[in-house]
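Visitor: The following block contains the structure, expressed as structure tokens.
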Amino acid sequence: MSDQRLQNEIAHGKHLKKVWRGTLWYWETPAGQRRWDRRVKMLTAHIRPAMEVLEIGCGVGYFTQEIAKTKAKITAIDISPDLLEVAREKLSASQVTFRIENAYQMNFPGDTFDTIVGSSTLHHLDVDQALGEFFRVLKPGGSLYFTEPNMMNPQVFLERHTRFFGKLIEKSPNETAFFRRKLKNDFLKAGFKDIQIVPFDFLHPLTPNCLISVINRAGMILERIPLLREIAGSLAITACKPSS
């Protein structure tokens with residue numbers, strides 16, 4: 001726990017617990033809900049009831065509640081005891097276990113989990129350290145699914161590089177975003193295969209109700225156009241650990 005990055009995240013979790021009123025990050029707006037539903041499908045469609053699932057950075061348990069609907073056995077971890085306290089209050093299910101864990105050095109045997117998932121969590125971590133540990137605890141043939149912010153998106157870039165926009169989103173001190181080609185190299189270096197990192201999401205969470213359908217349809221078209229798709233707001237990431 002001596003890593004300064006971890007200490008920053010613990011302090012940030014304490015701050016978020018104080019300011020959180022159930023509406024942080026705009027997931028509850030009509031457009032935000034549309035974006036959230038899409039992410040949930042991306043991250044859970046492969047999960048089956050018999051699987052052992054590790055959720056990275058569960059926070060207050062937003063995404064954990066969605067994974068729990070799959071009936072799989074879920075271990076949800078976070079470095080923040082404050083956020084985990086909220087998560088435990090929000091969700092009590094027999095197949096869900098919340099644990100305080102350092103994502104760089106987890107207290108699990110190797111080859112434990114069938115899949116590792118996370119919604120906007122990898123960008124809080126030192127990627128090289130985290131991916132090495134994910135590889136260790138993932139079973140041979142296991143999968144990894146994340147959605148993360150795209151540094152090529154103009155708003156995301158401003159949020160990560162200016163104090164004003166960073167404060168608006170309650171950015172933690174070390175929080176970043178990803179360039180997909182560099183991130184793919186990081187996954188390759190960690191030993192993963194079948195790596196897919198795809199830009200998606202042009203729907204802003206503050207889009208007015210009357211424009212959601214139009215902008216959503218336009219966004220789906222933009223996601224298929226080379227170059228233009230590179231500035232989408234998010235990245236959908238999938239990878240596998242080799243079977244042998």
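Just remember, in the structure tokens the first chain shown is A, the second B, etc., residues are 1-based per chain, and ligands are 1-based in the order shown.
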I need the residues in range 16-232 of chain A that are strand (DSSP E or B) according to DSSP; give them as a ChimeraX atom specification.
Guide: /A:52-56,73-78,96-100,113-119,138-150,178,193-200
Visitor: Could those selected residues go to a file with C-alpha atoms, as a PDB file, in the first residue's frame?
Guide:
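The file below, result-v6.pdb, is the result:
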```pdb
ATOM      1  CA  GLU A  52     -15.801 -17.208 -11.575  1.00  0.00           C
ATOM      2  CA  VAL A  53     -15.783 -13.462 -12.268  1.00  0.00           C
ATOM      3  CA  LEU A  54     -13.344 -10.851 -10.975  1.00  0.00           C
ATOM      4  CA  GLU A  55     -14.530  -7.241 -11.133  1.00  0.00           C
ATOM      5  CA  ILE A  56     -11.736  -4.670 -10.944  1.00  0.00           C
ATOM      6  CA  LYS A  73     -19.890 -16.087  -8.732  1.00  0.00           C
ATOM      7  CA  ILE A  74     -18.465 -12.557  -8.447  1.00  0.00           C
ATOM      8  CA  THR A  75     -15.481 -11.260  -6.531  1.00  0.00           C
ATOM      9  CA  ALA A  76     -15.601  -7.453  -6.669  1.00  0.00           C
ATOM     10  CA  ILE A  77     -12.481  -5.605  -5.541  1.00  0.00           C
ATOM     11  CA  ASP A  78     -11.508  -2.010  -4.866  1.00  0.00           C
ATOM     12  CA  VAL A  96     -21.107 -11.609  -4.605  1.00  0.00           C
ATOM     13  CA  THR A  97     -18.043 -11.012  -2.427  1.00  0.00           C
ATOM     14  CA  PHE A  98     -16.591  -7.523  -1.935  1.00  0.00           C
ATOM     15  CA  ARG A  99     -12.907  -7.313  -1.018  1.00  0.00           C
ATOM     16  CA  ILE A 100     -10.299  -4.639  -0.427  1.00  0.00           C
ATOM     17  CA  PHE A 113     -10.884 -16.578 -12.574  1.00  0.00           C
ATOM     18  CA  ASP A 114     -12.696 -17.366 -15.815  1.00  0.00           C
ATOM     19  CA  THR A 115     -13.059 -13.711 -16.710  1.00  0.00           C
ATOM     20  CA  ILE A 116     -11.997 -10.273 -15.488  1.00  0.00           C
ATOM     21  CA  VAL A 117     -14.239  -7.268 -16.125  1.00  0.00           C
ATOM     22  CA  GLY A 118     -14.255  -3.563 -15.380  1.00  0.00           C
ATOM     23  CA  SER A 119     -16.205  -0.454 -16.315  1.00  0.00           C
ATOM     24  CA  LEU A 138      -6.805 -15.454 -14.959  1.00  0.00           C
ATOM     25  CA  LYS A 139      -7.293 -19.102 -15.902  1.00  0.00           C
ATOM     26  CA  PRO A 140      -5.688 -20.322 -19.150  1.00  0.00           C
ATOM     27  CA  GLY A 141      -8.171 -19.501 -21.905  1.00  0.00           C
ATOM     28  CA  GLY A 142      -9.840 -16.913 -19.674  1.00  0.00           C
ATOM     29  CA  SER A 143     -11.102 -13.587 -20.982  1.00  0.00           C
ATOM     30  CA  LEU A 144     -10.772  -9.939 -20.060  1.00  0.00           C
ATOM     31  CA  TYR A 145     -13.390  -7.244 -20.812  1.00  0.00           C
ATOM     32  CA  PHE A 146     -13.094  -3.502 -20.120  1.00  0.00           C
ATOM     33  CA  THR A 147     -14.600  -0.246 -21.332  1.00  0.00           C
ATOM     34  CA  GLU A 148     -12.322   2.767 -20.902  1.00  0.00           C
ATOM     35  CA  PRO A 149     -12.059   6.449 -21.911  1.00  0.00           C
ATOM     36  CA  ASN A 150     -10.462   7.224 -25.284  1.00  0.00           C
ATOM     37  CA  PHE A 178      -5.822   5.490 -23.451  1.00  0.00           C
ATOM     38  CA  LYS A 193      -3.785 -12.711 -27.264  1.00  0.00           C
ATOM     39  CA  ASP A 194      -6.870 -12.061 -29.429  1.00  0.00           C
ATOM     40  CA  ILE A 195      -6.772  -8.415 -28.354  1.00  0.00           C
ATOM     41  CA  GLN A 196      -9.524  -6.181 -29.680  1.00  0.00           C
ATOM     42  CA  ILE A 197      -9.671  -2.465 -28.789  1.00  0.00           C
ATOM     43  CA  VAL A 198     -12.524  -0.715 -30.572  1.00  0.00           C
ATOM     44  CA  PRO A 199     -13.586   2.956 -30.341  1.00  0.00           C
ATOM     45  CA  PHE A 200     -17.280   3.471 -29.595  1.00  0.00           C
TER      46      PHE A 200
END
```
Visitor: Considering only C-alpha atoms, return as a list in words whatever protein or nucleic-acid residues lie within 8 Å of range 88-93 of chain A, sequence-local ones (same chain, fewer than 6 positions apart) excluded.
Guide: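 Answer for this query is Val60, Gly61, Gln65 and Ala68 of chain A.
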Visitor: Taking the chain letters and numbering used in this document, name the residues of range 25-157 of chain A that DSSP puts in alpha helix (DSSP H), as a tab-separated table (two decimals) with C-alpha atoms, in the first residue's frame.
Guide:
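Wrote it out as part11.tsv, contents follow:
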```tsv
chain	number	residue	atom	x	y	z
A	30	PRO	CA	-31.72	9.49	-20.06
A	31	ALA	CA	-28.73	9.55	-22.41
A	32	GLY	CA	-26.42	8.33	-19.66
A	33	GLN	CA	-28.73	5.36	-19.04
A	34	ARG	CA	-28.67	4.52	-22.76
A	35	ARG	CA	-24.85	4.56	-22.67
A	36	TRP	CA	-24.80	2.50	-19.47
A	37	ASP	CA	-27.13	-0.17	-20.86
A	38	ARG	CA	-24.87	-0.59	-23.86
A	39	ARG	CA	-21.79	-0.96	-21.68
A	40	VAL	CA	-23.48	-3.54	-19.49
A	41	LYS	CA	-24.28	-5.69	-22.55
A	42	MET	CA	-20.71	-5.37	-23.83
A	43	LEU	CA	-19.22	-6.41	-20.51
A	44	THR	CA	-21.61	-9.16	-19.39
A	62	TYR	CA	-22.95	0.21	-9.86
A	63	PHE	CA	-21.63	-2.38	-12.27
A	64	THR	CA	-21.53	-5.15	-9.67
A	65	GLN	CA	-25.32	-5.01	-9.49
A	66	GLU	CA	-25.48	-5.67	-13.23
A	67	ILE	CA	-23.01	-8.58	-13.16
A	68	ALA	CA	-24.97	-10.14	-10.30
A	81	PRO	CA	-12.73	0.96	1.95
A	82	ASP	CA	-15.09	3.95	1.80
A	83	LEU	CA	-16.51	3.05	-1.61
A	84	LEU	CA	-16.75	-0.62	-0.67
A	85	GLU	CA	-18.82	0.35	2.36
A	86	VAL	CA	-21.36	1.98	0.04
A	87	ALA	CA	-21.25	-1.03	-2.31
A	88	ARG	CA	-22.04	-3.47	0.50
A	89	GLU	CA	-24.97	-1.31	1.58
A	90	LYS	CA	-26.34	-1.24	-1.97
A	127	VAL	CA	-1.29	-0.53	-16.72
A	128	ASP	CA	1.91	-2.56	-16.83
A	129	GLN	CA	1.62	-3.66	-13.20
A	130	ALA	CA	-2.11	-4.32	-13.43
A	131	LEU	CA	-2.05	-6.38	-16.63
A	132	GLY	CA	0.72	-8.60	-15.31
A	133	GLU	CA	-1.35	-9.38	-12.23
A	134	PHE	CA	-4.54	-9.88	-14.26
A	135	PHE	CA	-2.67	-12.38	-16.41
A	136	ARG	CA	-1.52	-14.26	-13.31
A	137	VAL	CA	-4.96	-14.72	-11.71
A	154	PRO	CA	-11.55	15.96	-27.45
A	155	GLN	CA	-13.59	16.13	-24.23
A	156	VAL	CA	-11.68	13.25	-22.64
A	157	PHE	CA	-8.38	14.90	-23.61
```
Visitor: With a distance cut-off of 10 Å and only C-alpha atoms, select the neighbouring residues of Ala177 in chain A, excluding the residue or stretch itself and same-chain residues fewer than 4 positions from it, and output the selection as a list in words.
Guide: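 Counting only the stated atoms, we get Ser120, Leu122, His123, His124, Glu148, Pro149, Asn150, Met151, Met152, Asn153, Val156, Phe157, Glu159, Arg160, Leu183, Ser234 and Leu235 of chain A.
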Visitor: Given the selection you just returned, output its residues as a file containing C-alpha atoms, formatted as a PDB file, in the first residue's frame.
Guide:
```pdb
ATOM      1  CA  SER A 120     -13.946   2.637 -16.503  1.00  0.00           C
ATOM      2  CA  LEU A 122      -8.222   0.376 -15.845  1.00  0.00           C
ATOM      3  CA  HIS A 123      -7.386   4.044 -16.441  1.00  0.00           C
ATOM      4  CA  HIS A 124      -6.965   4.506 -12.669  1.00  0.00           C
ATOM      5  CA  GLU A 148     -12.322   2.767 -20.902  1.00  0.00           C
ATOM      6  CA  PRO A 149     -12.059   6.449 -21.911  1.00  0.00           C
ATOM      7  CA  ASN A 150     -10.462   7.224 -25.284  1.00  0.00           C
ATOM      8  CA  MET A 151      -7.705   9.850 -25.142  1.00  0.00           C
ATOM      9  CA  MET A 152      -8.378  10.724 -28.784  1.00  0.00           C
ATOM     10  CA  ASN A 153     -11.782  12.136 -27.836  1.00  0.00           C
ATOM     11  CA  VAL A 156     -11.679  13.246 -22.640  1.00  0.00           C
ATOM     12  CA  PHE A 157      -8.383  14.905 -23.611  1.00  0.00           C
ATOM     13  CA  GLU A 159     -10.626  16.367 -18.815  1.00  0.00           C
ATOM     14  CA  ARG A 160      -7.228  14.674 -18.457  1.00  0.00           C
ATOM     15  CA  LEU A 183      -2.735  -0.009 -25.077  1.00  0.00           C
ATOM     16  CA  SER A 234     -14.736   5.232 -25.217  1.00  0.00           C
ATOM     17  CA  LEU A 235     -12.802   2.067 -26.014  1.00  0.00           C
TER      18      LEU A 235
END
```
Visitor: With only C-alpha atoms as the atoms that count, which of A:Thr207, A:Ser213, A:Thr121, A:Ser80 lies nearest to Asn8 in chain A?
Guide: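 Answer, going by the shortest atom-to-atom distance: A:Ser80.
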